[in-house]
Number of protein chains: 2
Amino acid sequence: MATKKQRVNRHSRVRSDHRTELAEDYVEAIADILEASGTCRAVDLAQQFQVSHVTVNRTIGRLERDGYVTTAPYAPIELTKAGRRLADASQQRHEIVFQFLLALGVSEAAAATDSEGIEHHVSPETLAAMRKFVDSR
Amino acid sequence: MATKKQRVNRHSRVRSDHRTELAEDYVEAIADILEASGTCRAVDLAQQFQVSHVTVNRTIGRLERDGYVTTAPYAPIELTKAGRRLADASQQRHEIVFQFLLALGVSEAAAATDSEGIEHHVSPETLAAMRKFVDSR
DNA sequence: AGAAAAGTGTAGCACAGGCTACAAATGAAG
DNA sequence: CTTCATTTGTAGCCTGTGCTACACTTTTCT
């Protein structure tokens with residue numbers, strides 16, 4: 001049985017995970033879009049996340065403040081080095097979780113959806129275990 | 001490769017998952033505390049989640065509004081039937097995810113932490129696959 | 001070039017989920 | 001029974017993440 005202190009730390013970590021989740025999702029999406037079309041505009045992200053362009057705008061503002069992207073008025077969005085790094089790490093982790101779920105026998109559709117939510121809560125240790133499992137197939 | 005529409009739906013689901021996450025964590029914690037000590041007070045939850053009692057108060061208010069708990073001023077917190085159901089389901093799911101991570105070879109500490117974050121993003125299909133994997137050991 | 005369409009920006013709103021500081025009620029101990 | 005610690009409530013603040021409505025650029029098309 002878990003001790004009280006352990007439970008406490010778990011919840012704190014889940015909360016802090018949440019603060020970086022949107023950032024990870026955004027830089028990941030930006031990287032995807034850049035790869036697919038060369039430039040990333042706010043509308044693309046609005047379409048991707050099914051939110052208004054205003055929401056995208058302000059989220060991008062936070063990402064810029066936090067050093068992940070650069071923007072200028074009416075100009076497309078670009079990733080900084082830190083943003084690029086975060087995007088790459090997220091994509092990799094996402095892919096591992098996705099492949100892992102497939103290897104576990106989950107359908108493509110469920111694996112795609114679940115990996116999106118799960119990826120942000122997977123510790124390096126668990127990620128390694130997942131990778132190992134996939135490789136052992 | 002995932003289509004655009006699929007990506008869209010994935011993100012929408014992750015967002016809606018988030019809205020129920022705290023509710024699930026709370027009713028689960030309330031159920032735990034009720035089981036351990038018979039009554040659940042706001043302070044217990046504040047201690048558990050490492051947040052102020054004010055935050056607990058208002059979260060409980062939302063849970064009451066949504067029909068998961070009942071409270072009266074200065075009285076302990078109780079679960080409604082719906083709350084009980086949600087807590088039971090969450091506990092079960094949590095336990096399966098936890099056992100699954102252990103079966104995968106992850107340490108107890110990491111399994112405890114990660115299952116806390118992961119449980120809210122596991123579809124019934126994936127949960128079934130996890131259960132099957134645990135049972136096959 | 002001028003008009004229409006597409007994309008961005010801004011103002012102002014809502015709710016969730018954090019907080020501190022202070023006030024009031026409740027329960028336990030003297 | 002009164003005091004004191006614990007617990008709960010309230011006021012008021014912040015940030016994040018969502019929205020609509022309206023204004024302004026930029027791009028595209030004729």
# chains A, B, ... in the order shown; residues from 1 in each chain; ligands from 1
>>> closest_atom_pairs(of="chain A", to="chain B", cutoff="10 Å", atoms="only C-alpha atoms", output="CSV")
residue,atom,partner,partner_atom,distance
A:Ala2,CA,B:Ala112,CA,8.1
A:Lys4,CA,B:Gln48,CA,7.2
A:Lys5,CA,B:Gln48,CA,8.3
A:Gln6,CA,B:Ala109,CA,8.3
A:Arg7,CA,B:Gln48,CA,6.9
A:Val8,CA,B:Gln48,CA,5.4
A:Asn9,CA,B:Thr113,CA,8.1
A:Arg10,CA,B:Thr113,CA,5.0
A:His11,CA,B:Phe49,CA,5.9
A:Ser12,CA,B:Phe49,CA,7.0
A:Arg13,CA,B:Thr113,CA,7.8
A:Val14,CA,B:Gly117,CA,5.7
A:Arg15,CA,B:Gly117,CA,9.0
A:Asp17,CA,B:Gly117,CA,8.5
A:His18,CA,B:His18,CA,9.2
A:Leu22,CA,B:Arg15,CA,9.9
A:Asp25,CA,B:His11,CA,9.0
A:Ala29,CA,B:Arg7,CA,9.8
A:Ala46,CA,B:Val8,CA,9.8
A:Gln47,CA,B:Val8,CA,7.6
A:Gln48,CA,B:Val8,CA,5.4
A:Phe49,CA,B:Val8,CA,5.8
A:Gln50,CA,B:Val8,CA,6.3
A:Val51,CA,B:Ser12,CA,9.1
A:Leu101,CA,B:Thr126,CA,7.6
A:Leu102,CA,B:Thr126,CA,9.7
A:Leu104,CA,B:Ala129,CA,6.6
A:Gly105,CA,B:Ala129,CA,6.7
A:Val106,CA,B:Thr126,CA,5.9
A:Ser107,CA,B:Glu125,CA,8.1
A:Glu108,CA,B:Ala2,CA,9.4
A:Ala109,CA,B:Gln6,CA,8.3
A:Ala110,CA,B:Ser123,CA,7.0
A:Ala111,CA,B:Thr126,CA,7.7
A:Ala112,CA,B:Arg10,CA,7.4
A:Thr113,CA,B:Arg10,CA,5.0
A:Asp114,CA,B:His121,CA,5.8
A:Ser115,CA,B:His121,CA,8.2
A:Glu116,CA,B:Arg10,CA,6.9
A:Gly117,CA,B:His121,CA,5.3
A:Ile118,CA,B:Ile118,CA,5.3
A:Glu119,CA,B:Ile118,CA,8.3
A:His120,CA,B:Gly117,CA,8.2
A:His121,CA,B:Gly117,CA,5.3
A:Val122,CA,B:Asp114,CA,5.8
A:Ser123,CA,B:Asp114,CA,6.6
A:Pro124,CA,B:Ala110,CA,9.1
A:Glu125,CA,B:Val106,CA,6.8
A:Thr126,CA,B:Val106,CA,6.0
A:Leu127,CA,B:Val106,CA,9.4
A:Ala128,CA,B:Val106,CA,9.0
A:Ala129,CA,B:Leu104,CA,6.6
A:Met130,CA,B:Leu104,CA,7.8
A:Lys132,CA,B:Leu104,CA,9.6
A:Phe133,CA,B:Leu104,CA,8.0
>>> residues_around(residues="Ala89 (chain B)", least_positions_apart="4", cutoff="12 Å", atoms="only C-alpha atoms (C1' of nucleotides)", output="VMD selection string")
chain B and resid 24 to 25 27 to 28 31 82 to 85 93 to 96 119 to 120 124 127
>>> residues_around(residues="Leu63 (chain B)", least_positions_apart="3", cutoff="9 Å", atoms="only C-alpha atoms (C1' of nucleotides)", output="compact mmCIF listing (two decimals) with C-alpha atoms, in the first residue's frame")
# COMPACT_ATOMS: atom_id res chain seq x y z
CA ALA B 23 -13.57 14.75 -10.42
CA TYR B 26 -11.39 13.52 -5.92
CA VAL B 27 -14.06 10.86 -5.62
CA ARG B 58 -14.51 25.05 -4.42
CA THR B 59 -13.70 21.79 -6.14
CA ILE B 60 -16.09 20.04 -3.78
CA ASP B 66 -22.39 17.83 -10.67
CA GLY B 67 -24.04 15.35 -8.35
CA TYR B 68 -21.07 13.37 -7.07
CA VAL B 69 -20.99 14.39 -3.42
CA THR B 70 -23.17 15.92 -0.76
CA GLY B 83 -20.03 9.51 -6.88
>>> interface_residues(of="chain A", to="chain D", cutoff="8 Å", atoms="only C-alpha atoms (C1' of nucleotides)", output="VMD selection string")
chain A and resid 51 to 52 55 74
>>> write_last_selection(atoms="C-alpha atoms", output="PDB file, in the first residue's frame")
ATOM      1  CA  VAL A  51     -10.469  25.659 -30.982  1.00  0.00           C
ATOM      2  CA  SER A  52     -10.924  29.254 -32.073  1.00  0.00           C
ATOM      3  CA  THR A  55      -7.360  30.574 -28.261  1.00  0.00           C
ATOM      4  CA  TYR A  74       0.642  38.326 -39.423  1.00  0.00           C
TER       5      TYR A  74
END
>>> interface_residues(of="chain C", to="chain B", cutoff="9 Å", atoms="only C-alpha atoms (C1' of nucleotides)", output="MDAnalysis selection string")
chainID C and resid 16:19 25:26
>>> select_by_dssp(residues="region 58-127 of chain A", states="strand (DSSP E or B)", output="ChimeraX atom specification")
/A:69-70,77-79
>>> select_by_dssp(residues="chain B", states="alpha helix (DSSP H)", output="PyMOL selection string")
chain B and resi 4-37+42-49+53-65+81-103+108-118+124-135
>>> atom_distance(atom1="CA of Asp32 (chain B)", atom2="CA of Thr20 (chain B)")
18.2 Å
>>> atom_distance(atom1="CA of Phe100 (chain A)", atom2="CA of Arg131 (chain A)")
7.0 Å
>>> atom_distance(atom1="CA of Leu34 (chain B)", atom2="C1' of DA28 (chain C)")
22.4 Å
